[in-house]
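Visitor: Here it is: the structure, laid out below.
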Number of protein chains: 2
Amino acid sequence: MTERYAFIEHAADERLDDIRDLNRSDRRPDLPGGKGLVIAEGPLVVSRLVESRFPLRLIAGFRNKLDAYDEAYGLPGDVPIYELERPTLAEVAGFDMHRGLVAAADRAPARSPEDVLDNARTVCVLEGVGDHENIGALFRNAAGLGVDAVLFGNGCADPLFRRSVRVSMGHVLRTPFATLPGTYTTWQRSLDLLKDRGFRLISLTPAGDETLADALAGADKVALLFGAEGPGLTEHAMKATDHRAAIPMAEGTDSLNIATSAAVAFYERLRSSHPYA
Amino acid sequence: MTERYAFIEHAADERLDDIRDLNRSDRRPDLPGGKGLVIAEGPLVVSRLVESRFPLRLIAGFRNKLDAYDEAYGLPGDVPIYELERPTLAEVAGFDMHRGLVAAADRAPARSPEDVLDNARTVCVLEGVGDHENIGALFRNAAGLGVDAVLFGNGCADPLFRRSVRVSMGHVLRTPFATLPGTYTTWQRSLDLLKDRGFRLISLTPAGDETLADALAGADKVALLFGAEGPGLTEHAMKATDHRAAIPMAEGTDSLNIATSAAVAFYERLRSSHPYA
């Protein structure tokens with residue numbers, strides 16, 4: 001009887017380097033400046049990595065988790081599958097990975113903004129959103145509510161950081177994204193790319209002078225712009241857009257979390273552009 | 001010159017017991033079975049605890065954080081204010097509390113469902129939502145989007161757990177909530193309380209047979225029911241409601257996070273009940 005998986009006994013084994021020290025800020029494998037890998041954890045997200053354009057390098061996990069994955073999704077045949085025991089995986093990863101299943105892939109080449117805008121009707125543009133968890137949650141909401149692409153303006157966190165991948169439930173591996181070139185004060189010029197393609201640009205801001213519903217009315221292609229919770233969009237960015245829209249809020253409360261605001265805006269877009277409403 | 005704060009040098013000092021071992025599952029002070037305190041961290045949430053109906057016991061923090069709080073909100077005069085150095089607070093709390101400001105209060109008596117329904121027009125009812133972070137995020141969204149009260153059906157997490165308080169940004173201390181009595185199979189009968197008061201009951205479920213907008217149309221008082229992500233509402237619960245509504249989702253995606261779904265539903269309610277739309 002042949003073994004289905006290559007069993008690795010020792011955490012020091014070099015074959016595990018792609019998933020080593022996942023929490024070490026100095027040498028974690030998902031840093032763009034380092035190995036720049038994409039790490040997926042748990043069966044659903046691993047399956048989305050396997051199906052993605054990111055070239056898979058390995059899958060590793062506990063035997064029962066590998067078996068369960070194989071039954072649910074089918075293990076790919078063309079990459080190493082490593083079986084580890086729980087203490088070994090904990091030692092390699094640097095924490096107890098109770099989900100017991102992890103995969104690593106190379107980064108795929110970055111897409112161009114032009115590329116991701118092709119055939120897109122609803123896109124989201126972010127400025128200064130530096131929190132990995134918010135980026136992940138935003139991708140999850142974008143995917144669920146029919147957003148075609150995400151564009152990053154200046155100052156955004158890496159969507160392929162392990163935490164973003166996890167919180168997004170793997171949707172950062174599916175929803176196209178690209179970075180708009182430029183600095184804090186110049187990236188906004190790249191928004192011409194969207195204007196040239198007929199997108200209506202809508203800034204979301206608590207100080208907006210119209211409702212989201214009004215700003216969206218009758219639009220074919222739409223770009224929804226969001227800044228970070230707190231500072232919001234820069235005036236530079238808002239000046240480059242056609243509308244400033246607000247989500248109605250109860251008095252005496254704070255603004256919503258950025259990913260939640262985005263979900264509300266995506267919903268309004270879906271609602272107003274769809275036979276649904 | 002008198003000192004404004006009582007300086008405490010040693011972590012073992014009994015005056016700090018209310019904020020001791022904040023992460024210890026066996027003896028953390030916010031367990032209902034134990035001391036049952038409410039813990040607030042950071043200036044905004046501390047200020048909301050101070051303003052709340054929960055009887056304040058103490059405020060503790062670094063000197064500069066106490067000064068900043070005093071300038072922004074004014075320190076209350078009727079409870080002890082303890083000044084600690086960072087290592088002392090870390091030792092007491094059990095982790096490095098970089099925000100450097102914490103407050104503790106007693107639990108106020110639980111409110112009755114009848115009480116929180118008084119004057120309410122929009123309420124949220126939860127079943128089986130056991131995640132403290134989701135409960136906190138839901139309260140934040142409820143407060144921001146004009147929900148008057150939250151009712152807990154069977155199987156929900158404690159909204160006054162430290163993590164819920166933090167994630168809610170203190171809104172669990174402001175938005176009224178109550179628990180509907182009963183077990184897994186009987187709590188739904190308590191929904192009669194809402195029906196008797198003229199609430200329209202709407203279950204949110206991906207299998208809903210109408211849109212949220214249709215389910216809400218023309219309603220005066222509305223109760224929106226949500227189950228946990230994954231299992232959703234029980235059939236028992238849904239049978240006790242008047243409508244089953246779905247949020248439109250893109251194909252091949254997962255349902256949204258419960259707090260995010262709730263935000264979308266709250267927004268639709270605000271949109272359809274308000275001069276706004």
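Residue numbering restarts at 1 for every chain of the structure tokens, chains are lettered A, B, ... in their displayed order, and ligands are numbered from 1 as they appear.
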If you count only C-alpha atoms, which residues fall within 9 Å of Pro109 in chain A, apart from same-chain ones fewer than 2 positions away, as a PDB file with C-alpha atoms, in the first residue's frame?
Guide:
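Output below, filename result.pdb:
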```pdb
ATOM      1  CA  PHE A  54      -2.095  31.768  -7.866  1.00  0.00           C
ATOM      2  CA  ARG A 107       1.877  35.420  -5.978  1.00  0.00           C
ATOM      3  CA  ARG A 111      -3.073  42.828 -12.740  1.00  0.00           C
TER       4      ARG A 111
END
```
Visitor: Do me a favour and pick out the residues of chain B within 9 Å of chain A, using only C-alpha atoms, as a compact mmCIF listing (two decimals) with N, CA, C and O atoms, in the first residue's frame.
Guide:
```txt
# COMPACT_ATOMS: atom_id res chain seq x y z
N ALA B 137 -20.36 43.75 17.09
CA ALA B 137 -20.47 44.44 15.80
C ALA B 137 -21.93 44.73 15.47
O ALA B 137 -22.27 45.79 14.94
N ARG B 140 -23.09 47.77 17.33
CA ARG B 140 -22.56 48.99 16.70
C ARG B 140 -23.40 49.36 15.48
O ARG B 140 -23.78 50.52 15.29
N ASN B 141 -23.72 48.35 14.65
CA ASN B 141 -24.50 48.61 13.45
C ASN B 141 -25.93 49.02 13.80
O ASN B 141 -26.51 49.89 13.16
N ALA B 143 -26.94 50.58 16.49
CA ALA B 143 -26.94 51.96 16.98
C ALA B 143 -26.78 52.93 15.82
O ALA B 143 -27.49 53.93 15.73
N GLY B 144 -25.86 52.64 14.92
CA GLY B 144 -25.59 53.55 13.81
C GLY B 144 -26.76 53.68 12.86
O GLY B 144 -26.95 54.72 12.22
N LEU B 145 -27.54 52.62 12.74
CA LEU B 145 -28.60 52.60 11.73
C LEU B 145 -30.00 52.64 12.33
O LEU B 145 -30.97 52.23 11.70
N GLY B 146 -30.08 53.13 13.56
CA GLY B 146 -31.39 53.50 14.10
C GLY B 146 -32.25 52.38 14.64
O GLY B 146 -33.48 52.51 14.67
N VAL B 147 -31.65 51.28 15.09
CA VAL B 147 -32.44 50.21 15.71
C VAL B 147 -32.65 50.55 17.18
O VAL B 147 -31.72 50.98 17.88
N MET B 169 -18.04 49.27 20.38
CA MET B 169 -17.65 50.64 20.69
C MET B 169 -18.52 51.22 21.80
O MET B 169 -18.83 52.42 21.81
N HIS B 171 -21.65 50.51 22.41
CA HIS B 171 -23.09 50.62 22.13
C HIS B 171 -23.92 49.56 22.85
O HIS B 171 -25.12 49.75 23.01
N THR B 211 -38.20 39.88 -1.20
CA THR B 211 -37.09 40.78 -0.92
C THR B 211 -37.35 41.49 0.40
O THR B 211 -38.49 41.61 0.85
N ALA B 213 -37.05 44.59 0.85
CA ALA B 213 -37.82 45.80 0.57
C ALA B 213 -39.32 45.49 0.56
O ALA B 213 -40.12 46.21 1.15
N ASP B 214 -39.70 44.39 -0.07
CA ASP B 214 -41.12 44.01 -0.10
C ASP B 214 -41.62 43.64 1.29
O ASP B 214 -42.72 44.01 1.69
N ILE B 247 -31.62 38.74 1.49
CA ILE B 247 -30.76 39.78 0.94
C ILE B 247 -30.20 39.22 -0.36
O ILE B 247 -29.69 38.09 -0.36
N PRO B 248 -30.29 39.96 -1.45
CA PRO B 248 -29.78 39.40 -2.71
C PRO B 248 -28.27 39.18 -2.62
O PRO B 248 -27.56 40.01 -2.08
N MET B 249 -27.82 38.05 -3.12
CA MET B 249 -26.39 37.72 -3.05
C MET B 249 -25.90 37.32 -4.43
O MET B 249 -26.64 36.73 -5.21
N ALA B 250 -24.64 37.60 -4.70
CA ALA B 250 -24.02 37.14 -5.94
C ALA B 250 -23.94 35.63 -5.92
O ALA B 250 -23.77 35.02 -4.87
N GLU B 251 -24.03 35.03 -7.10
CA GLU B 251 -23.94 33.57 -7.18
C GLU B 251 -22.58 33.04 -6.75
O GLU B 251 -21.56 33.67 -6.98
N GLY B 252 -22.57 31.86 -6.17
CA GLY B 252 -21.31 31.20 -5.84
C GLY B 252 -20.57 31.84 -4.68
O GLY B 252 -19.39 31.58 -4.47
N THR B 253 -21.25 32.67 -3.91
CA THR B 253 -20.60 33.26 -2.75
C THR B 253 -21.27 32.73 -1.49
O THR B 253 -22.26 32.00 -1.55
N ASP B 254 -20.72 33.10 -0.36
CA ASP B 254 -21.24 32.66 0.91
C ASP B 254 -22.19 33.72 1.42
O ASP B 254 -22.21 34.85 0.94
N SER B 255 -22.94 33.38 2.43
CA SER B 255 -23.76 34.40 3.05
C SER B 255 -22.82 35.40 3.72
O SER B 255 -21.66 35.13 3.97
N LEU B 256 -23.34 36.58 3.97
CA LEU B 256 -22.54 37.61 4.65
C LEU B 256 -22.41 37.28 6.13
O LEU B 256 -23.21 36.53 6.68
N ASN B 257 -21.44 37.86 6.75
CA ASN B 257 -21.32 37.82 8.21
C ASN B 257 -22.62 38.34 8.83
O ASN B 257 -23.26 39.23 8.28
N ALA B 259 -23.37 40.24 11.37
CA ALA B 259 -23.45 41.67 11.70
C ALA B 259 -23.58 42.50 10.42
O ALA B 259 -24.22 43.55 10.40
N THR B 260 -22.96 42.03 9.35
CA THR B 260 -23.03 42.74 8.08
C THR B 260 -24.41 42.58 7.44
O THR B 260 -24.99 43.55 6.94
N SER B 261 -24.94 41.36 7.46
CA SER B 261 -26.31 41.15 6.98
C SER B 261 -27.27 42.05 7.74
O SER B 261 -28.18 42.65 7.15
N ALA B 263 -26.61 44.85 9.20
CA ALA B 263 -26.43 46.25 8.80
C ALA B 263 -27.20 46.54 7.52
O ALA B 263 -27.84 47.59 7.38
N VAL B 264 -27.13 45.63 6.58
CA VAL B 264 -27.85 45.82 5.31
C VAL B 264 -29.36 45.88 5.57
O VAL B 264 -30.06 46.74 5.03
N ALA B 265 -29.84 44.99 6.43
CA ALA B 265 -31.28 44.99 6.73
C ALA B 265 -31.69 46.26 7.48
O ALA B 265 -32.73 46.86 7.18
N TYR B 267 -30.25 49.11 7.28
CA TYR B 267 -30.20 50.19 6.29
C TYR B 267 -31.47 50.20 5.45
O TYR B 267 -32.06 51.25 5.21
N GLU B 268 -31.89 49.04 4.99
CA GLU B 268 -33.10 48.96 4.17
C GLU B 268 -34.31 49.45 4.97
O GLU B 268 -35.17 50.16 4.45
N LEU B 270 -34.21 51.65 7.45
CA LEU B 270 -34.05 53.10 7.58
C LEU B 270 -34.47 53.77 6.28
O LEU B 270 -35.17 54.78 6.26
N ARG B 271 -34.02 53.19 5.18
CA ARG B 271 -34.28 53.72 3.84
C ARG B 271 -35.77 53.74 3.54
O ARG B 271 -36.28 54.69 2.95
N TYR B 276 -35.83 59.94 4.03
CA TYR B 276 -34.58 59.82 3.30
C TYR B 276 -34.71 59.38 1.84
O TYR B 276 -34.11 59.98 0.95
N ALA B 277 -35.49 58.31 1.57
CA ALA B 277 -35.42 57.68 0.24
C ALA B 277 -36.27 58.35 -0.83
O ALA B 277 -36.65 59.48 -0.74
```
Visitor: Taking 4 positions as the minimum chain separation for residues in the same chain, which residues sit within 10 Å of Leu49 in chain B when counting only C-alpha atoms? Answer as a list in words.
Guide: Val38, Ile39, Ala40, Glu41, Pro43, Leu44, Val45, Arg53, Phe54, Pro55, Leu56, Ala103, Ala104, Ala105, Val165, Gly170, His171, Val172, Leu173 and Arg174 of chain B
Visitor: Would you put the residues from that selection into a file with all heavy atoms, as a short mmCIF file (atom, residue, chain, number, x, y, z; two decimals), in the first residue's frame?
Guide:
```
data_model
loop_
_atom_site.label_atom_id
_atom_site.label_comp_id
_atom_site.auth_asym_id
_atom_site.auth_seq_id
_atom_site.Cartn_x
_atom_site.Cartn_y
_atom_site.Cartn_z
N VAL B 38 -18.74 44.86 34.19
CA VAL B 38 -18.66 45.33 32.81
C VAL B 38 -17.34 46.08 32.69
O VAL B 38 -17.05 46.97 33.51
CB VAL B 38 -19.83 46.26 32.48
CG1 VAL B 38 -19.72 46.78 31.06
CG2 VAL B 38 -21.15 45.53 32.69
N ILE B 39 -16.53 45.72 31.71
CA ILE B 39 -15.20 46.30 31.54
C ILE B 39 -15.18 47.13 30.26
O ILE B 39 -15.59 46.65 29.20
CB ILE B 39 -14.13 45.20 31.45
CG1 ILE B 39 -14.19 44.24 32.66
CG2 ILE B 39 -12.73 45.80 31.28
CD1 ILE B 39 -13.79 44.86 33.97
N ALA B 40 -14.70 48.34 30.37
CA ALA B 40 -14.58 49.21 29.19
C ALA B 40 -13.13 49.61 29.00
O ALA B 40 -12.43 49.88 29.98
CB ALA B 40 -15.44 50.46 29.38
N GLU B 41 -12.68 49.64 27.75
CA GLU B 41 -11.29 49.99 27.45
C GLU B 41 -11.23 51.14 26.46
O GLU B 41 -12.00 51.17 25.50
CB GLU B 41 -10.59 48.79 26.80
CG GLU B 41 -10.55 47.56 27.66
CD GLU B 41 -10.51 46.29 26.80
OE1 GLU B 41 -11.59 45.79 26.43
OE2 GLU B 41 -9.40 45.83 26.49
N PRO B 43 -10.73 55.52 25.72
CA PRO B 43 -11.50 56.69 26.16
C PRO B 43 -12.96 56.71 25.69
O PRO B 43 -13.87 56.98 26.47
CB PRO B 43 -10.71 57.88 25.60
CG PRO B 43 -9.73 57.33 24.64
CD PRO B 43 -9.49 55.90 25.01
N LEU B 44 -13.21 56.39 24.42
CA LEU B 44 -14.58 56.48 23.92
C LEU B 44 -15.50 55.51 24.66
O LEU B 44 -16.58 55.87 25.13
CB LEU B 44 -14.62 56.19 22.41
CG LEU B 44 -16.02 56.20 21.80
CD1 LEU B 44 -16.61 57.59 21.83
CD2 LEU B 44 -15.98 55.66 20.37
N VAL B 45 -15.06 54.26 24.79
CA VAL B 45 -15.91 53.25 25.43
C VAL B 45 -16.03 53.52 26.92
O VAL B 45 -17.11 53.37 27.51
CB VAL B 45 -15.40 51.82 25.12
CG1 VAL B 45 -16.29 50.78 25.79
CG2 VAL B 45 -15.34 51.59 23.62
N ARG B 53 -26.25 53.35 32.34
CA ARG B 53 -26.98 53.01 33.56
C ARG B 53 -26.20 52.02 34.43
O ARG B 53 -26.67 51.62 35.49
CB ARG B 53 -28.35 52.42 33.18
CG ARG B 53 -28.24 51.08 32.48
CD ARG B 53 -29.56 50.65 31.81
NE ARG B 53 -29.39 49.31 31.23
CZ ARG B 53 -29.80 48.19 31.83
NH1 ARG B 53 -30.41 48.24 32.99
NH2 ARG B 53 -29.59 47.02 31.26
N PHE B 54 -25.01 51.60 33.99
CA PHE B 54 -24.22 50.63 34.75
C PHE B 54 -23.41 51.36 35.83
O PHE B 54 -22.66 52.29 35.51
CB PHE B 54 -23.30 49.83 33.82
CG PHE B 54 -24.07 49.04 32.80
CD1 PHE B 54 -24.48 49.61 31.59
CD2 PHE B 54 -24.43 47.72 33.05
CE1 PHE B 54 -25.22 48.88 30.67
CE2 PHE B 54 -25.17 46.99 32.14
CZ PHE B 54 -25.57 47.57 30.93
N PRO B 55 -23.56 50.95 37.09
CA PRO B 55 -22.91 51.69 38.19
C PRO B 55 -21.37 51.55 38.16
O PRO B 55 -20.83 50.47 38.37
CB PRO B 55 -23.49 51.04 39.46
CG PRO B 55 -24.72 50.29 39.01
CD PRO B 55 -24.43 49.87 37.60
N LEU B 56 -20.72 52.65 37.92
CA LEU B 56 -19.26 52.68 37.78
C LEU B 56 -18.58 52.35 39.10
O LEU B 56 -19.00 52.79 40.17
CB LEU B 56 -18.85 54.08 37.32
CG LEU B 56 -17.44 54.25 36.77
CD1 LEU B 56 -17.29 53.49 35.45
CD2 LEU B 56 -17.15 55.73 36.52
N ALA B 103 -12.03 50.89 32.63
CA ALA B 103 -13.00 51.18 33.69
C ALA B 103 -13.82 49.92 33.97
O ALA B 103 -13.95 49.05 33.10
CB ALA B 103 -13.93 52.32 33.28
N ALA B 104 -14.32 49.82 35.18
CA ALA B 104 -15.16 48.68 35.56
C ALA B 104 -16.45 49.20 36.18
O ALA B 104 -16.45 50.21 36.89
CB ALA B 104 -14.42 47.78 36.53
N ALA B 105 -17.53 48.49 35.90
CA ALA B 105 -18.83 48.84 36.47
C ALA B 105 -19.57 47.57 36.86
O ALA B 105 -19.26 46.48 36.36
CB ALA B 105 -19.67 49.63 35.46
N VAL B 165 -18.29 44.36 24.36
CA VAL B 165 -18.32 45.78 24.71
C VAL B 165 -17.35 46.55 23.81
O VAL B 165 -17.69 47.59 23.24
CB VAL B 165 -17.94 45.98 26.20
CG1 VAL B 165 -17.85 47.47 26.53
CG2 VAL B 165 -18.94 45.28 27.13
N GLY B 170 -18.93 50.36 22.69
CA GLY B 170 -19.71 50.81 23.84
C GLY B 170 -21.21 50.86 23.60
O GLY B 170 -21.96 51.19 24.52
N HIS B 171 -21.65 50.51 22.41
CA HIS B 171 -23.09 50.62 22.13
C HIS B 171 -23.92 49.56 22.85
O HIS B 171 -25.12 49.75 23.01
CB HIS B 171 -23.35 50.62 20.63
CG HIS B 171 -22.99 51.93 19.99
ND1 HIS B 171 -23.65 53.10 20.29
CD2 HIS B 171 -22.01 52.26 19.12
CE1 HIS B 171 -23.11 54.09 19.60
NE2 HIS B 171 -22.11 53.61 18.89
N VAL B 172 -23.31 48.47 23.31
CA VAL B 172 -24.09 47.53 24.15
C VAL B 172 -24.49 48.20 25.46
O VAL B 172 -25.39 47.74 26.15
CB VAL B 172 -23.31 46.22 24.49
CG1 VAL B 172 -23.10 45.38 23.23
CG2 VAL B 172 -22.00 46.49 25.17
N LEU B 173 -23.79 49.28 25.82
CA LEU B 173 -24.10 50.00 27.05
C LEU B 173 -25.20 51.03 26.84
O LEU B 173 -25.68 51.65 27.79
CB LEU B 173 -22.84 50.68 27.58
CG LEU B 173 -21.62 49.77 27.71
CD1 LEU B 173 -20.37 50.58 28.00
CD2 LEU B 173 -21.85 48.74 28.80
N ARG B 174 -25.59 51.24 25.60
CA ARG B 174 -26.55 52.30 25.27
C ARG B 174 -27.84 51.74 24.66
O ARG B 174 -28.93 52.16 25.02
CB ARG B 174 -25.93 53.26 24.25
CG ARG B 174 -24.56 53.76 24.65
CD ARG B 174 -23.94 54.54 23.50
NE ARG B 174 -23.93 55.95 23.75
CZ ARG B 174 -23.78 56.90 22.83
NH1 ARG B 174 -23.71 56.57 21.55
NH2 ARG B 174 -23.73 58.16 23.16
#
```
Visitor: Excluding Arg244 in chain B and any residue of its chain fewer than 2 positions from it, enumerate the residues within 10 Å of it, using only C-alpha atoms, and give them as a ChimeraX atom specification.
Guide: /B:201-212,215,224-225,238-239,241-242,246
Visitor: Can you write just those residues out, N, CA and C atoms, as a CSV table (one decimal), in the first residue's frame?
Guide:
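New file selection.csv:
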```
chain,number,residue,atom,x,y,z
B,201,LEU,N,-43.1,40.8,12.0
B,201,LEU,CA,-41.9,40.0,12.2
B,201,LEU,C,-41.4,39.5,10.9
B,202,ILE,N,-40.1,39.8,10.7
B,202,ILE,CA,-39.5,39.4,9.4
B,202,ILE,C,-38.2,38.5,9.7
B,203,SER,N,-38.2,37.3,9.2
B,203,SER,CA,-37.0,36.4,9.3
B,203,SER,C,-36.1,36.7,8.1
B,204,LEU,N,-34.9,36.9,8.4
B,204,LEU,CA,-33.9,37.1,7.4
B,204,LEU,C,-33.2,35.7,7.1
B,205,THR,N,-33.4,35.2,5.9
B,205,THR,CA,-32.8,33.9,5.5
B,205,THR,C,-32.5,33.9,4.0
B,206,PRO,N,-31.4,33.3,3.7
B,206,PRO,CA,-31.0,33.2,2.3
B,206,PRO,C,-32.1,32.5,1.4
B,207,ALA,N,-32.9,31.7,2.1
B,207,ALA,CA,-34.0,31.0,1.4
B,207,ALA,C,-35.3,31.8,1.4
B,208,GLY,N,-35.2,33.0,1.8
B,208,GLY,CA,-36.4,33.9,1.8
B,208,GLY,C,-37.1,34.0,0.5
B,209,ASP,N,-38.5,34.0,0.5
B,209,ASP,CA,-39.2,34.1,-0.7
B,209,ASP,C,-39.6,35.5,-1.1
B,210,GLU,N,-39.2,36.5,-0.4
B,210,GLU,CA,-39.4,37.8,-0.9
B,210,GLU,C,-38.2,38.7,-0.6
B,211,THR,N,-38.2,39.9,-1.2
B,211,THR,CA,-37.1,40.8,-0.9
B,211,THR,C,-37.4,41.5,0.4
B,212,LEU,N,-36.3,41.9,1.0
B,212,LEU,CA,-36.3,42.7,2.2
B,212,LEU,C,-37.2,43.9,2.0
B,215,ALA,N,-40.8,42.9,2.0
B,215,ALA,CA,-41.2,42.5,3.4
B,215,ALA,C,-41.4,43.7,4.3
B,224,LEU,N,-36.8,42.5,13.1
B,224,LEU,CA,-35.9,41.8,12.1
B,224,LEU,C,-35.2,40.6,12.8
B,225,LEU,N,-35.4,39.4,12.4
B,225,LEU,CA,-34.9,38.2,13.1
B,225,LEU,C,-33.7,37.7,12.3
B,238,MET,N,-38.7,30.7,12.4
B,238,MET,CA,-39.3,31.3,11.2
B,238,MET,C,-40.8,31.1,11.1
B,239,LYS,N,-41.3,30.0,11.6
B,239,LYS,CA,-42.7,29.8,11.6
B,239,LYS,C,-43.5,30.8,12.4
B,241,THR,N,-42.9,33.9,12.5
B,241,THR,CA,-42.8,35.2,11.8
B,241,THR,C,-43.7,35.3,10.6
B,242,ASP,N,-43.9,36.6,10.2
B,242,ASP,CA,-44.9,36.8,9.1
B,242,ASP,C,-44.2,36.8,7.7
B,246,ALA,N,-35.0,37.7,1.9
B,246,ALA,CA,-33.6,37.4,1.6
B,246,ALA,C,-32.9,38.7,1.2
```
Visitor: What gap, in Å, lies between CA of Glu91 in chain B and CA of Ala68 in chain B?
Guide: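 Calculated distance between CA of Glu91 in chain B and CA of Ala68 in chain B is 22.8 Å.
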Visitor: For CA of Phe95 in chain B and CA of His132 in chain B, quote the distance in Å rounded to one decimal.
Guide: 19.3 Å
Visitor: In Å, how far is it from CA of Ala93 in chain B to CA of Arg4 in chain B?
Guide: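 Atom-to-atom, CA of Ala93 in chain B and CA of Arg4 in chain B are spaced 22.8 Å apart.
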Visitor: From a DSSP pass on the backbone, collect the residues of range 117-238 of chain A flagged as helix (DSSP H, G or I) and hand them back as a ChimeraX atom specification.
Guide: /A:117,132-144,162-167,171-173,187-196,212-216,235-238
Visitor: Generate the output file for the selected residues, C-alpha atoms, as a CSV table (one decimal), in the first residue's frame.
Guide:
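Output saved as again-v5.csv:
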```
chain,number,residue,atom,x,y,z
A,117,LEU,CA,-11.9,47.2,-15.4
A,132,HIS,CA,-5.7,43.9,6.8
A,133,GLU,CA,-8.9,42.7,8.5
A,134,ASN,CA,-11.0,45.5,7.0
A,135,ILE,CA,-9.5,44.7,3.6
A,136,GLY,CA,-10.4,41.1,3.9
A,137,ALA,CA,-14.0,41.8,5.2
A,138,LEU,CA,-14.5,44.3,2.3
A,139,PHE,CA,-13.5,41.6,-0.3
A,140,ARG,CA,-16.0,39.2,1.3
A,141,ASN,CA,-18.7,41.8,1.1
A,142,ALA,CA,-17.7,42.8,-2.4
A,143,ALA,CA,-17.9,39.2,-3.6
A,144,GLY,CA,-21.2,38.6,-1.9
A,162,ARG,CA,-2.5,36.0,5.5
A,163,ARG,CA,-5.1,37.7,7.7
A,164,SER,CA,-6.8,39.4,4.7
A,165,VAL,CA,-7.0,36.1,2.9
A,166,ARG,CA,-8.6,34.5,5.9
A,167,VAL,CA,-11.1,37.2,6.8
A,171,HIS,CA,-12.4,36.1,-1.9
A,172,VAL,CA,-9.2,38.2,-2.4
A,173,LEU,CA,-8.1,35.2,-4.5
A,187,TRP,CA,-3.0,58.8,-7.3
A,188,GLN,CA,-6.3,60.5,-7.8
A,189,ARG,CA,-5.3,61.3,-11.4
A,190,SER,CA,-5.5,57.6,-12.1
A,191,LEU,CA,-9.3,57.9,-11.6
A,192,ASP,CA,-9.4,59.3,-15.1
A,193,LEU,CA,-9.0,55.6,-16.2
A,194,LEU,CA,-12.5,55.1,-14.8
A,195,LYS,CA,-14.0,58.3,-16.1
A,196,ASP,CA,-12.7,57.5,-19.6
A,212,LEU,CA,-26.5,57.0,-2.0
A,213,ALA,CA,-29.7,56.1,-3.7
A,214,ASP,CA,-29.8,59.5,-5.5
A,215,ALA,CA,-26.1,59.4,-6.4
A,216,LEU,CA,-26.6,55.9,-7.9
A,235,GLU,CA,-10.3,66.1,-0.3
A,236,HIS,CA,-8.0,65.4,-3.3
A,237,ALA,CA,-9.8,62.1,-4.0
A,238,MET,CA,-13.3,63.5,-3.5
```
Visitor: Mind listing the strand (DSSP E or B) residues of range 44-230 of chain B, per DSSP on the backbone, as number ranges by chain?
Guide: B: 56-61, 81-83, 101-105, 111, 122-127, 149-152, 177-179, 199-204, 210-211, 221-228
Visitor: From the options A:Ser47, A:Ser273, A:Thr175, A:Thr186, which residue's atoms come nearest to Val102 in chain A, counting only C-alpha atoms?
Guide: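 For Val102 in chain A, the nearest of the candidates is A:Ser47.
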Visitor: Which is closest to Gly128 in chain A among A:Leu180, A:Leu233, A:Ala223, A:Leu31, if we use only C-alpha atoms?
Guide: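 Residue with the minimum atom-to-atom distance to Gly128 in chain A: A:Leu233.
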Visitor: Which residue gives the smallest distance to Tyr184 in chain A among A:Ala240, A:Leu75, A:Ala219, A:Glu127, with only C-alpha atoms counted?
Guide: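 Closest to Tyr184 in chain A, using only C-alpha atoms: A:Glu127.
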